[in-house]
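Visitor: My structure is in model01.cif, and what it holds is mmCIF, C-alpha atoms and all ligand atoms:
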data_target
loop_
_atom_site.label_atom_id
_atom_site.label_comp_id
_atom_site.auth_asym_id
_atom_site.auth_seq_id
_atom_site.Cartn_x
_atom_site.Cartn_y
_atom_site.Cartn_z
CA MET A 1 -29.68 -2.10 -10.93
CA GLY A 2 -29.69 1.02 -8.76
CA PHE A 3 -28.00 1.05 -5.39
CA ASP A 4 -29.56 -1.69 -3.26
CA ILE A 5 -27.06 -2.62 -0.55
CA LYS A 6 -28.97 -5.78 0.48
CA LYS A 7 -29.03 -7.04 -3.09
CA ILE A 8 -25.38 -6.15 -3.62
CA ARG A 9 -24.29 -7.96 -0.45
CA ALA A 10 -26.24 -11.05 -1.49
CA ASP A 11 -24.08 -11.23 -4.63
CA PHE A 12 -20.87 -11.68 -2.59
CA PRO A 13 -20.75 -15.26 -1.25
CA ILE A 14 -17.81 -14.58 1.10
CA LEU A 15 -19.86 -12.05 3.08
CA LYS A 16 -21.94 -14.95 4.40
CA ARG A 17 -19.04 -16.51 6.26
CA THR A 18 -18.05 -16.00 9.84
CA VAL A 19 -14.60 -15.22 11.20
CA ARG A 20 -13.72 -16.17 14.79
CA GLY A 21 -17.38 -16.92 15.36
CA LYS A 22 -18.51 -13.46 14.22
CA PRO A 23 -19.96 -12.34 10.88
CA LEU A 24 -17.18 -11.19 8.56
CA VAL A 25 -16.82 -7.42 8.33
CA TYR A 26 -14.42 -6.87 5.44
CA LEU A 27 -12.77 -3.45 5.59
CA ASP A 28 -9.68 -4.20 3.50
CA SER A 29 -10.81 -3.56 -0.06
CA ALA A 30 -7.92 -1.18 -0.73
CA ALA A 31 -5.70 -4.27 -0.56
CA THR A 32 -8.00 -6.44 -2.65
CA SER A 33 -11.75 -6.42 -3.14
CA GLN A 34 -14.10 -9.37 -2.76
CA ARG A 35 -15.75 -10.89 -5.86
CA PRO A 36 -19.42 -11.21 -6.68
CA ARG A 37 -20.96 -14.52 -7.78
CA GLN A 38 -21.11 -13.15 -11.36
CA VAL A 39 -17.30 -12.93 -11.56
CA ILE A 40 -16.72 -16.28 -9.87
CA ASP A 41 -19.22 -17.86 -12.30
CA ALA A 42 -17.54 -16.22 -15.30
CA LEU A 43 -14.23 -17.70 -14.19
CA SER A 44 -15.55 -21.23 -13.79
CA SER A 45 -17.60 -20.91 -16.95
CA PHE A 46 -14.43 -20.10 -18.87
CA TYR A 47 -12.71 -23.26 -17.64
CA GLU A 48 -15.83 -25.38 -18.05
CA ASN A 49 -16.78 -24.20 -21.53
CA HIS A 50 -14.16 -22.24 -23.42
CA ASN A 51 -10.67 -23.08 -22.15
CA ALA A 52 -7.95 -22.98 -24.82
CA ASN A 53 -4.79 -21.02 -25.56
CA ILE A 54 -5.20 -17.96 -27.75
CA HIS A 55 -3.36 -16.38 -30.71
CA ARG A 56 -2.35 -19.66 -32.33
CA GLY A 57 -5.54 -21.66 -32.77
CA VAL A 58 -8.11 -21.96 -35.51
CA HIS A 59 -10.30 -24.35 -33.58
CA ALA A 60 -13.57 -23.25 -32.01
CA LEU A 61 -12.39 -23.13 -28.40
CA ALA A 62 -9.33 -21.06 -29.27
CA GLU A 63 -11.51 -18.62 -31.17
CA GLU A 64 -13.99 -18.37 -28.29
CA ALA A 65 -11.24 -17.84 -25.71
CA GLU A 66 -9.64 -15.12 -27.84
CA ALA A 67 -13.00 -13.43 -28.38
CA LEU A 68 -13.57 -13.33 -24.60
CA VAL A 69 -10.16 -11.78 -23.96
CA GLU A 70 -10.67 -9.17 -26.67
CA GLU A 71 -14.18 -8.45 -25.38
CA SER A 72 -12.69 -7.71 -21.94
CA ARG A 73 -10.13 -5.45 -23.57
CA ALA A 74 -12.87 -3.51 -25.35
CA LYS A 75 -14.91 -3.26 -22.13
CA THR A 76 -11.86 -2.03 -20.21
CA ALA A 77 -11.24 0.66 -22.83
CA ARG A 78 -14.85 1.79 -22.68
CA PHE A 79 -14.90 1.74 -18.87
CA ILE A 80 -11.99 4.20 -18.58
CA GLY A 81 -12.87 6.33 -21.61
CA ALA A 82 -9.97 5.10 -23.78
CA PRO A 83 -10.31 5.77 -27.49
CA LYS A 84 -9.68 2.19 -28.66
CA PRO A 85 -8.99 -1.30 -27.31
CA GLU A 86 -5.44 -1.26 -28.69
CA THR A 87 -4.50 1.26 -25.99
CA ILE A 88 -5.16 -1.36 -23.29
CA VAL A 89 -2.25 -3.66 -22.36
CA PHE A 90 -2.97 -6.55 -20.01
CA THR A 91 -0.21 -7.08 -17.47
CA SER A 92 -0.17 -8.96 -14.18
CA ASN A 93 -0.87 -6.04 -11.79
CA THR A 94 -0.41 -2.28 -11.31
CA THR A 95 3.19 -2.91 -10.31
CA HIS A 96 3.91 -4.67 -13.59
CA SER A 97 2.20 -1.88 -15.56
CA ILE A 98 4.37 0.80 -13.94
CA ASN A 99 7.54 -1.25 -14.44
CA LEU A 100 6.63 -1.64 -18.10
CA VAL A 101 6.56 2.13 -18.56
CA ALA A 102 9.59 2.82 -16.35
CA GLN A 103 11.68 0.31 -18.30
CA GLY A 104 10.03 0.33 -21.73
CA TRP A 105 9.74 4.11 -21.98
CA GLY A 106 12.45 5.18 -19.51
CA ARG A 107 15.38 3.24 -20.94
CA LYS A 108 14.79 4.79 -24.35
CA ASN A 109 13.96 8.34 -23.27
CA LEU A 110 15.85 9.20 -20.07
CA LYS A 111 19.42 10.46 -20.13
CA PRO A 112 21.78 11.84 -17.49
CA GLY A 113 20.45 15.07 -16.00
CA ASP A 114 16.81 14.38 -16.91
CA GLU A 115 14.30 14.40 -14.07
CA VAL A 116 11.46 12.11 -13.11
CA LEU A 117 8.99 13.64 -10.68
CA ILE A 118 6.83 11.62 -8.29
CA THR A 119 5.18 12.55 -4.97
CA GLU A 120 5.86 11.80 -1.32
CA LEU A 121 2.61 9.81 -1.20
CA GLU A 122 3.58 7.02 -3.56
CA HIS A 123 3.10 3.32 -2.98
CA HIS A 124 6.42 1.48 -3.39
CA SER A 125 5.10 0.30 -6.78
CA ASN A 126 5.24 3.84 -8.14
CA LEU A 127 8.52 4.65 -6.43
CA VAL A 128 11.01 1.78 -6.66
CA PRO A 129 10.63 1.29 -10.45
CA TRP A 130 11.49 5.00 -10.91
CA GLN A 131 14.42 4.72 -8.49
CA ARG A 132 15.79 1.88 -10.56
CA ILE A 133 15.40 3.47 -13.99
CA THR A 134 16.78 6.83 -12.87
CA GLU A 135 19.79 5.07 -11.33
CA GLU A 136 20.27 3.10 -14.54
CA THR A 137 20.04 6.10 -16.87
CA GLY A 138 21.71 8.77 -14.73
CA ALA A 139 18.46 10.71 -14.42
CA LEU A 140 17.35 12.32 -11.15
CA LEU A 141 14.30 11.28 -9.12
CA ARG A 142 12.52 14.18 -7.42
CA TYR A 143 9.48 14.39 -5.13
CA VAL A 144 6.58 16.81 -4.83
CA PRO A 145 6.27 17.47 -1.08
CA ILE A 146 2.92 16.99 0.67
CA GLU A 147 1.21 19.26 3.17
CA GLU A 148 1.01 18.36 6.84
CA ASP A 149 -2.39 16.66 6.48
CA GLY A 150 -1.27 14.51 3.56
CA THR A 151 -2.81 16.61 0.79
CA LEU A 152 -0.86 17.65 -2.27
CA THR A 153 -1.33 21.07 -3.84
CA VAL A 154 -0.97 22.05 -7.46
CA GLU A 155 1.22 24.91 -6.23
CA ALA A 156 3.69 22.50 -4.60
CA ALA A 157 3.79 20.50 -7.83
CA ARG A 158 4.33 23.65 -9.91
CA LYS A 159 7.44 24.47 -7.87
CA ALA A 160 8.86 20.99 -8.35
CA PHE A 161 8.91 21.04 -12.15
CA SER A 162 12.02 22.05 -14.02
CA PRO A 163 12.79 22.22 -17.75
CA LYS A 164 14.46 18.82 -17.25
CA THR A 165 11.32 17.06 -15.97
CA LYS A 166 10.47 14.33 -18.48
CA MET A 167 7.87 12.36 -16.55
CA PHE A 168 5.46 13.10 -13.71
CA ALA A 169 4.18 9.85 -12.19
CA PHE A 170 1.70 10.21 -9.33
CA THR A 171 -1.02 8.39 -7.49
CA ALA A 172 -4.61 9.51 -8.10
CA MET A 173 -5.52 8.46 -4.58
CA SER A 174 -3.23 7.51 -1.70
CA ASN A 175 -3.75 3.97 -0.48
CA SER A 176 -2.39 4.78 2.97
CA LEU A 177 -3.91 8.21 3.77
CA GLY A 178 -6.93 8.27 1.46
CA THR A 179 -5.90 11.58 -0.15
CA VAL A 180 -7.56 12.24 -3.49
CA LEU A 181 -5.30 14.30 -5.75
CA PRO A 182 -6.31 17.04 -8.21
CA VAL A 183 -5.57 14.68 -11.09
CA LYS A 184 -6.67 16.76 -14.07
CA GLU A 185 -4.86 19.90 -12.86
CA LEU A 186 -1.68 17.94 -12.24
CA ILE A 187 -1.81 16.38 -15.71
CA ASP A 188 -2.34 19.80 -17.31
CA LEU A 189 0.53 21.22 -15.28
CA ALA A 190 2.87 18.43 -16.40
CA HIS A 191 1.93 18.92 -20.04
CA ALA A 192 2.44 22.68 -19.76
CA ASN A 193 5.94 21.85 -18.53
CA GLY A 194 6.59 19.47 -21.41
CA ALA A 195 6.50 16.31 -19.28
CA LEU A 196 4.58 13.08 -19.79
CA THR A 197 2.26 11.74 -17.09
CA LEU A 198 1.65 8.35 -15.55
CA VAL A 199 -1.24 8.08 -13.12
CA ASP A 200 -1.19 5.23 -10.60
CA ALA A 201 -4.95 4.71 -10.52
CA ALA A 202 -4.97 1.50 -8.46
CA GLN A 203 -7.14 3.24 -5.85
CA TRP A 204 -9.08 5.41 -8.28
CA VAL A 205 -10.49 3.25 -11.08
CA PRO A 206 -12.32 0.90 -8.66
CA HIS A 207 -14.05 3.79 -6.89
CA LEU A 208 -14.46 6.82 -9.13
CA LYS A 209 -15.41 7.45 -12.72
CA THR A 210 -12.33 7.49 -14.95
CA ASP A 211 -12.06 9.28 -18.27
CA VAL A 212 -8.53 9.05 -19.64
CA ALA A 213 -9.47 11.01 -22.76
CA ALA A 214 -10.87 13.94 -20.74
CA TRP A 215 -7.82 13.83 -18.45
CA GLY A 216 -5.44 13.64 -21.40
CA VAL A 217 -3.22 11.35 -19.30
CA ASP A 218 -0.41 9.58 -21.13
CA PHE A 219 -0.26 6.34 -19.09
CA LEU A 220 -2.62 4.93 -16.47
CA ALA A 221 -2.10 1.80 -14.36
CA PHE A 222 -4.58 -0.18 -12.27
CA SER A 223 -5.40 -3.64 -10.91
CA PRO A 224 -8.61 -5.58 -11.64
CA HIS A 225 -8.28 -7.43 -8.31
CA LYS A 226 -9.16 -4.20 -6.49
CA MET A 227 -12.35 -3.79 -8.55
CA LEU A 228 -14.19 -7.12 -8.20
CA GLY A 229 -12.02 -8.84 -10.82
CA PRO A 230 -9.58 -11.73 -10.53
CA THR A 231 -6.04 -11.54 -9.12
CA GLY A 232 -3.03 -11.92 -11.38
CA LEU A 233 -4.20 -9.34 -13.89
CA GLY A 234 -3.19 -5.71 -14.39
CA VAL A 235 -4.01 -2.98 -16.86
CA LEU A 236 -1.82 -0.40 -18.53
CA TYR A 237 -3.53 2.23 -20.62
CA GLY A 238 -1.24 4.26 -22.85
CA LYS A 239 -1.74 6.75 -25.67
CA PHE A 240 -1.30 4.61 -28.76
CA ASP A 241 1.60 6.55 -30.28
CA LEU A 242 3.50 6.42 -26.99
CA LEU A 243 2.94 2.69 -26.67
CA ASP A 244 3.96 2.25 -30.28
CA ALA A 245 7.26 4.04 -29.63
CA MET A 246 7.98 1.89 -26.56
CA ASP A 247 10.18 -1.20 -26.37
CA PRO A 248 8.93 -4.42 -24.83
CA ILE A 249 10.58 -5.49 -21.58
CA MET A 250 9.62 -9.14 -22.08
CA SER A 251 10.04 -10.95 -25.35
CA GLY A 252 9.14 -14.33 -26.78
CA GLY A 253 6.00 -15.83 -28.27
CA GLY A 254 2.88 -13.81 -28.93
CA MET A 255 4.64 -10.41 -29.18
CA ILE A 256 6.38 -10.73 -32.55
CA GLN A 257 5.66 -9.92 -36.14
CA GLU A 258 8.46 -11.92 -37.78
CA VAL A 259 11.32 -13.90 -36.29
CA HIS A 260 14.49 -14.89 -38.13
CA TYR A 261 17.51 -16.67 -36.71
CA ASP A 262 19.36 -13.36 -36.63
CA ARG A 263 16.65 -10.76 -35.92
CA SER A 264 13.00 -10.17 -35.03
CA THR A 265 10.34 -7.54 -35.51
CA TYR A 266 7.65 -6.88 -32.95
CA ALA A 267 3.89 -6.81 -33.12
CA PRO A 268 2.10 -3.48 -32.69
CA PRO A 269 0.63 -2.61 -29.26
CA PRO A 270 -0.96 -4.03 -27.22
CA HIS A 271 0.36 -7.49 -28.16
CA ARG A 272 3.98 -6.29 -28.23
CA PHE A 273 3.78 -6.07 -24.44
CA GLU A 274 1.97 -9.36 -23.83
CA ALA A 275 4.68 -11.97 -24.37
CA GLY A 276 3.88 -15.62 -23.67
CA THR A 277 0.56 -17.21 -22.77
CA PRO A 278 -1.37 -14.45 -21.04
CA ASN A 279 -3.75 -14.71 -18.12
CA ILE A 280 -6.59 -15.82 -20.37
CA ALA A 281 -9.18 -17.01 -17.86
CA ASP A 282 -8.83 -14.07 -15.50
CA THR A 283 -8.95 -11.61 -18.37
CA ALA A 284 -12.13 -13.24 -19.66
CA ALA A 285 -13.70 -13.07 -16.19
CA PHE A 286 -12.68 -9.44 -15.70
CA GLY A 287 -15.38 -8.45 -18.18
CA ALA A 288 -18.00 -9.61 -15.68
CA ALA A 289 -16.50 -7.31 -13.02
CA ILE A 290 -16.79 -4.31 -15.31
CA ASP A 291 -20.37 -5.27 -16.15
CA TYR A 292 -21.16 -5.41 -12.44
CA LEU A 293 -19.64 -2.01 -11.63
CA GLU A 294 -21.35 -0.40 -14.60
CA ALA A 295 -24.72 -1.84 -13.64
CA VAL A 296 -24.45 -0.36 -10.13
CA GLY A 297 -22.92 2.88 -11.43
CA MET A 298 -19.65 4.48 -10.36
CA ASP A 299 -21.31 7.64 -9.07
CA ALA A 300 -23.60 5.62 -6.80
CA ILE A 301 -20.65 3.54 -5.59
CA HIS A 302 -18.63 6.64 -4.76
CA ALA A 303 -21.55 8.31 -2.95
CA HIS A 304 -22.11 5.17 -0.86
CA GLU A 305 -18.42 4.88 0.08
CA MET A 306 -18.31 8.51 1.14
CA GLU A 307 -21.33 8.02 3.39
CA LEU A 308 -19.50 5.17 5.12
CA THR A 309 -16.29 7.20 5.33
CA GLN A 310 -18.14 10.12 6.87
CA ARG A 311 -19.65 7.83 9.51
CA ALA A 312 -16.26 6.24 10.29
CA LEU A 313 -14.72 9.69 10.73
CA GLU A 314 -17.58 10.69 13.05
CA ILE A 315 -16.68 7.72 15.22
CA LEU A 316 -12.91 8.19 15.18
CA GLU A 317 -12.35 11.94 15.19
CA PRO A 318 -13.99 12.90 18.51
CA ASP A 319 -12.08 10.12 20.32
CA GLU A 320 -9.24 11.75 22.25
CA PHE A 321 -7.16 8.56 22.06
CA VAL A 322 -7.42 8.24 18.29
CA THR A 323 -5.29 10.02 15.71
CA VAL A 324 -6.81 10.07 12.24
CA LEU A 325 -4.25 10.52 9.49
CA GLY A 326 -4.79 12.15 6.14
CA PRO A 327 -6.84 15.06 4.84
CA GLN A 328 -8.88 17.11 7.30
CA LYS A 329 -11.56 17.90 4.73
CA ILE A 330 -13.68 14.99 3.58
CA GLU A 331 -13.77 16.45 0.04
CA ASP A 332 -10.06 15.59 -0.19
CA ARG A 333 -10.68 11.95 0.76
CA GLY A 334 -11.70 8.66 -0.76
CA GLY A 335 -13.02 5.62 1.13
CA VAL A 336 -9.87 4.96 3.14
CA VAL A 337 -9.43 5.85 6.82
CA SER A 338 -6.02 5.42 8.46
CA PHE A 339 -5.66 5.84 12.19
CA ASN A 340 -3.64 5.09 15.28
CA ILE A 341 -4.88 4.49 18.81
CA ASP A 342 -2.90 6.00 21.66
CA ASP A 343 0.60 4.56 21.49
CA LEU A 344 -0.58 1.08 20.53
CA HIS A 345 1.23 -0.84 17.81
CA PRO A 346 -1.01 -1.10 14.73
CA HIS A 347 -0.49 -4.89 14.65
CA ASP A 348 -1.94 -5.23 18.14
CA VAL A 349 -4.87 -3.05 17.10
CA GLY A 350 -5.47 -5.18 14.00
CA GLN A 351 -5.45 -8.38 16.01
CA VAL A 352 -8.19 -7.23 18.35
CA PHE A 353 -10.30 -6.06 15.39
CA ASP A 354 -9.75 -9.50 13.84
CA SER A 355 -10.94 -11.24 16.99
CA GLU A 356 -14.23 -9.37 16.41
CA GLY A 357 -14.42 -10.54 12.77
CA VAL A 358 -13.41 -7.09 11.49
CA ALA A 359 -10.70 -7.21 8.80
CA VAL A 360 -8.56 -4.05 8.75
CA ARG A 361 -5.04 -3.73 7.34
CA VAL A 362 -2.13 -2.63 9.50
CA GLY A 363 1.46 -1.59 8.83
CA HIS A 364 3.25 0.73 6.44
CA HIS A 365 0.91 -0.05 3.50
CA CYS A 366 3.91 -0.21 1.14
CA CYS A 367 4.63 3.47 1.85
CA GLN A 368 7.73 3.30 4.07
CA PRO A 369 9.15 6.71 3.08
CA LEU A 370 5.78 8.36 3.75
CA MET A 371 5.46 6.71 7.18
CA ARG A 372 9.00 7.83 8.00
CA LYS A 373 8.12 11.38 6.97
CA LEU A 374 5.02 11.30 9.19
CA GLY A 375 7.14 9.98 12.05
CA ILE A 376 5.13 6.80 12.51
CA GLY A 377 5.83 3.11 11.99
CA GLY A 378 2.47 2.41 10.45
CA THR A 379 -1.27 2.74 10.84
CA ALA A 380 -4.44 0.69 11.09
CA ARG A 381 -6.54 1.23 7.98
CA ALA A 382 -10.21 0.65 7.22
CA SER A 383 -11.16 0.81 3.55
CA PHE A 384 -14.66 0.65 2.11
CA TYR A 385 -16.30 -0.61 -1.04
CA LEU A 386 -19.76 -0.93 -2.49
CA TYR A 387 -20.68 -4.05 -0.46
CA ASN A 388 -19.94 -2.48 2.93
CA SER A 389 -22.92 -1.35 4.95
CA LEU A 390 -23.51 1.15 7.72
CA GLU A 391 -23.82 -1.92 9.98
CA ASP A 392 -20.21 -2.73 9.05
CA VAL A 393 -19.17 0.71 10.28
CA GLU A 394 -21.05 0.12 13.54
CA ALA A 395 -19.21 -3.22 13.91
CA PHE A 396 -16.00 -1.25 13.33
CA ALA A 397 -17.01 1.10 16.17
CA ARG A 398 -17.56 -1.89 18.46
CA GLY A 399 -14.13 -3.19 17.42
CA LEU A 400 -12.59 0.13 18.36
CA SER A 401 -14.18 -0.04 21.83
CA LYS A 402 -12.87 -3.60 22.20
CA VAL A 403 -9.32 -2.49 21.37
CA LYS A 404 -9.47 0.27 23.98
CA GLU A 405 -10.97 -2.05 26.57
CA PHE A 406 -8.42 -4.80 25.87
CA PHE A 407 -5.41 -2.49 26.15
CA LYS A 408 -6.99 -0.37 28.89
CA VAL A 409 -6.59 2.81 26.82
CA GLY A 410 -7.47 5.80 28.96
CA VAL A 411 -7.44 3.80 32.18
CA PRO A 412 -4.92 5.37 34.57
CA VAL A 413 -2.14 3.01 35.57
CA LYS A 414 -2.48 2.15 39.28
CA VAL A 415 0.55 2.99 41.31
CA SER A 416 0.67 0.89 44.46
N1 LIG B 1 -0.48 1.62 -6.25
C1 LIG B 1 -1.38 1.84 -5.28
C2 LIG B 1 -1.88 3.23 -5.03
C3 LIG B 1 -1.84 0.75 -4.52
O1 LIG B 1 -2.74 0.97 -3.56
C4 LIG B 1 -1.35 -0.55 -4.78
C5 LIG B 1 -1.74 -1.73 -3.95
C6 LIG B 1 -0.44 -0.71 -5.82
C7 LIG B 1 -0.01 0.41 -6.53
C8 LIG B 1 0.08 -2.04 -6.21
O2 LIG B 1 -0.92 -2.82 -6.76
P1 LIG B 1 -0.63 -4.31 -7.17
O3 LIG B 1 -1.91 -4.84 -7.69
O4 LIG B 1 0.44 -4.28 -8.20
O5 LIG B 1 -0.18 -5.00 -5.93
N2 LIG B 1 -2.13 -1.40 -2.64
C9 LIG B 1 -2.27 -2.25 -1.62
C10 LIG B 1 -2.67 -1.82 -0.35
O6 LIG B 1 -2.97 -0.68 -0.06
N3 LIG B 1 -2.68 -2.89 0.48
O7 LIG B 1 -2.31 -3.97 -0.20
C11 LIG B 1 -2.03 -3.58 -1.50
#
For the structure just supplied, provide its representation as structure tokens.
Ligand code: 7TS
Guide:
Amino acid sequence: MGFDIKKIRADFPILKRTVRGKPLVYLDSAATSQRPRQVIDALSSFYENHNANIHRGVHALAEEAEALVEESRAKTARFIGAPKPETIVFTSNTTHSINLVAQGWGRKNLKPGDEVLITELEHHSNLVPWQRITEETGALLRYVPIEEDGTLTVEAARKAFSPKTKMFAFTAMSNSLGTVLPVKELIDLAHANGALTLVDAAQWVPHLKTDVAAWGVDFLAFSPHKMLGPTGLGVLYGKFDLLDAMDPIMSGGGMIQEVHYDRSTYAPPPHRFEAGTPNIADTAAFGAAIDYLEAVGMDAIHAHEMELTQRALEILEPDEFVTVLGPQKIEDRGGVVSFNIDDLHPHDVGQVFDSEGVAVRVGHHCCQPLMRKLGIGGTARASFYLYNSLEDVEAFARGLSKVKEFFKVGVPVKVS
């Protein structure tokens, strides 16, 4: 397909709508992306042509539905460089995937005195599940500290390991500051210290090429809804032997091998972790999202996002009333720009942007401890994806001027 922004934008029906009388400028893809026509069509095509439950049918529709789900599993494995489809567990979101590991692996493997290491950057989804399992098992939860600009060094991580560290779970890219972490080095460091790794790749897989085999990562979690796919679906990749040694946290139909009145045996992964009727339609449609991203190319997508990020930083950084949070060097960033304007509340900032049709997210971005550490209540955040254009960034600049005009930022208060 090549990178043709006009053609890409034409594939996203929602970009044709207006908001508050202005063309929609969607800068909130870190929360959830928009979907191209191809994914929306795949979803309705499933319901129109193939809808049936899977696992327990011999009829044609059941076989077709199952084949679509398994095709998406195989595509997902290929997309992230996983060795085989059986290493891909479908869950309901990144949060569910992380909870599955925290509970399914943690309950069996953590004991009093053991340590789980995470970082100060984590989204609540990669923090609270570890708080709970360490509390439950008597293990200790420790944090790798960040630098002042929100970067995380391998050196800081090295100091945080101890012989008791059993798991290092960290985000590949911060959703609130945009920091990109040295993922491969951190994984190698954990392994050298005898710990397993879980990478929260919710903000990585949609934007950058992922190769779990090259990384050697043990578990990886992400959400299709942030990468053009449907909501209500999550992915957990795990090394097969680790998944195979893990207990399910949900049990019932679809995950068993044999059930007796007094005992049961479980199916091998991935089905052991997919109890009950799964999200069949959304899983089937997810394949179309992967096809779309592959056709455009992850390298081209990343290059485009960084061009937009660079432009946004050029607008924000020289402004004396704006504080940009996160890494100073663009090489340490992904397509997320968090900022504050003067002493304005981020919610007020977001509302003025919205009145201009510009959708930005405001608040703590599910990173309350990080905001507390930075001494702020929250930020306004613009996040970019493949369908955003340089015109969107110019609309963002006009929004910024509107905010300053509305709240009279920089206008001296008259004293009568
Ligand atoms: N981890 C990271 C790094 C995230 O950015 C998010 C969602 C999650 C985990 C949780 O994903 P979920 O699909 O289970 O909800 N991040 C955001 C965000 O930045 N704004 O809204 C959701």
Visitor: I'd like to know which of A:His123, A:Leu15, A:Tyr143, A:Phe339 is closest to Glu317 of chain A, using all atoms listed in the file.
Guide: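 Selected residue with least distance to Glu317 of chain A: A:Phe339.
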Visitor: Excluding Asp241 of chain A and its own-chain neighbours fewer than 4 positions away, which residues fall within 12 Å of it when counting only C-alpha atoms? Please give them as a count of residues only.
Guide: 11
Visitor: Would you list the residues that come within 7 Å of ligand LIG 1 (chain B)? Count all atoms listed in the file and give the answer as a ChimeraX atom specification.
Guide: /A:30-32,93-96,122-123,125-126,171,173-176,200-203,223,225,234,365-366
Visitor: Rank nothing, just name the residue among A:Ser355, A:Ser401, A:Thr197, A:Gln310 nearest to Val101 of chain A, using all atoms listed in the file.
Guide: A:Thr197
Visitor: Report, in Å with one decimal, the straight-line distance from atom CA of Glu391 of chain A to atom CA of Glu305 of chain A.
Guide: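 Between atom CA of Glu391 of chain A and atom CA of Glu305 of chain A the gap works out to 13.2 Å.
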Visitor: Pick from A:Glu314, A:Asp4, A:Asp299, A:Asp332: nearest to Glu394 of chain A, with only C-alpha atoms counted?
Guide: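 Result for the nearest residue to Glu394 of chain A: A:Glu314.
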Visitor: If you measure from atom CA of Asp41 of chain A to atom CA of His55 of chain A, what distance in Å do you get, rounded to one decimal?
Guide: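 It comes out at 24.3 Å.
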Visitor: Mind giving me the straight-line distance from atom CA of Val349 of chain A to atom CA of Gln368 of chain A in Å, one decimal?
Guide: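 Interatomic distance here is 19.2 Å.
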Visitor: Could you list, as a PDB file with C-alpha atoms, in the coordinates of the input, every residue within 7 Å of Pro129 of chain A, counting only C-alpha atoms and ignoring same-chain residues fewer than 4 positions away?
Guide:
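The file below, out27.pdb, is the result:
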ATOM      1  CA  ASN A  99       7.540  -1.250 -14.440  1.00  0.00           C
ATOM      2  CA  ALA A 102       9.590   2.820 -16.350  1.00  0.00           C
ATOM      3  CA  SER A 125       5.100   0.300  -6.780  1.00  0.00           C
ATOM      4  CA  ILE A 133      15.400   3.470 -13.990  1.00  0.00           C
TER       5      ILE A 133
END
Visitor: Can you tell me, as a list in words, which residues sit within 10 Å of (-7.0, 6.4, 6.8) in the file's frame, using all atoms listed in the file?
Guide: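 Nearby residues: Ser174, Asn175, Ser176, Leu177, Gly178, Thr179, Thr309, Ala312, Leu313, Thr323, Val324, Leu325, Gly326, Pro327, Arg333, Gly334, Gly335, Val336, Val337, Ser338, Phe339, Asn340, Thr379, Ala380, Arg381, Ala382 and Ser383 of chain A.
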Visitor: So, with only C-alpha atoms as the atoms that count, which of A:Leu110, A:Leu243, A:Val154, A:Val89 lies closest to Gly138 of chain A?
Guide: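 With only C-alpha atoms as the atom set, the closest residue is A:Leu110.
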Visitor: Between A:Ala288, A:Val360, A:Ile280, A:Ile249, single out the one closest to Asn53 of chain A, counting all atoms listed in the file.
Guide: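 Result for the nearest residue to Asn53 of chain A: A:Ile280.
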Visitor: Which residue, A:Val411, A:Leu100, A:Ile315, A:Leu27, has the smallest gap to Val362 of chain A when you use all atoms listed in the file?
Guide: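 The answer is A:Leu27, which sits nearest to Val362 of chain A.
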Visitor: Padding of 4 Å on every side, edges along x, y and z, all listed atoms of segment 163-173 of chain A included: what centre and edge lengths in Å, to one decimal, does that box have, as JSON?
Guide:
{"center_x": 4.5, "center_y": 15.3, "center_z": -11.5, "size_x": 28.0, "size_y": 21.8, "size_z": 21.9}
Visitor: If you count all atoms listed in the file, which residues fall within 12 Å of Lys402 of chain A, apart from same-chain ones fewer than 6 positions away, as a list of chain:residue names?
Guide: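 In the requested format, the answer is A:Ile341, A:Asp348, A:Val349, A:Gly350, A:Gln351, A:Val352, A:Phe353, A:Asp354, A:Ser355, A:Glu356, A:Gly357, A:Val358, A:Ala395, A:Phe396, A:Lys408, A:Val409.
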Visitor: Could the residues in this selection be written to a file with C-alpha atoms, as a CSV table (one decimal), keeping the file's coordinate frame?
Guide:
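So part-v1.csv came out as:
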chain,number,residue,atom,x,y,z
A,341,ILE,CA,-4.9,4.5,18.8
A,348,ASP,CA,-1.9,-5.2,18.1
A,349,VAL,CA,-4.9,-3.0,17.1
A,350,GLY,CA,-5.5,-5.2,14.0
A,351,GLN,CA,-5.4,-8.4,16.0
A,352,VAL,CA,-8.2,-7.2,18.4
A,353,PHE,CA,-10.3,-6.1,15.4
A,354,ASP,CA,-9.8,-9.5,13.8
A,355,SER,CA,-10.9,-11.2,17.0
A,356,GLU,CA,-14.2,-9.4,16.4
A,357,GLY,CA,-14.4,-10.5,12.8
A,358,VAL,CA,-13.4,-7.1,11.5
A,395,ALA,CA,-19.2,-3.2,13.9
A,396,PHE,CA,-16.0,-1.2,13.3
A,408,LYS,CA,-7.0,-0.4,28.9
A,409,VAL,CA,-6.6,2.8,26.8
Visitor: List the neighbours of Glu136 of chain A out to 12 Å using all atoms listed in the file; skip same-chain residues closer than 5 positions along the sequence, and give me the result as a PyMOL selection string.
Guide: chain A and resi 102-103+106-112+129-131+141
Visitor: Excluding Ala62 of chain A and any residue of its chain fewer than 3 positions from it, enumerate the residues within 12 Å of it, using all atoms listed in the file, and give them as a list in words.
Guide: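 What passes the distance filter is Phe46, Asn49, His50, Asn51, Ala52, Asn53, Ile54, His55, Arg56, Gly57, Val58, His59, Ala65, Glu66, Ala67, Leu68, Val69 and Ile280 of chain A.
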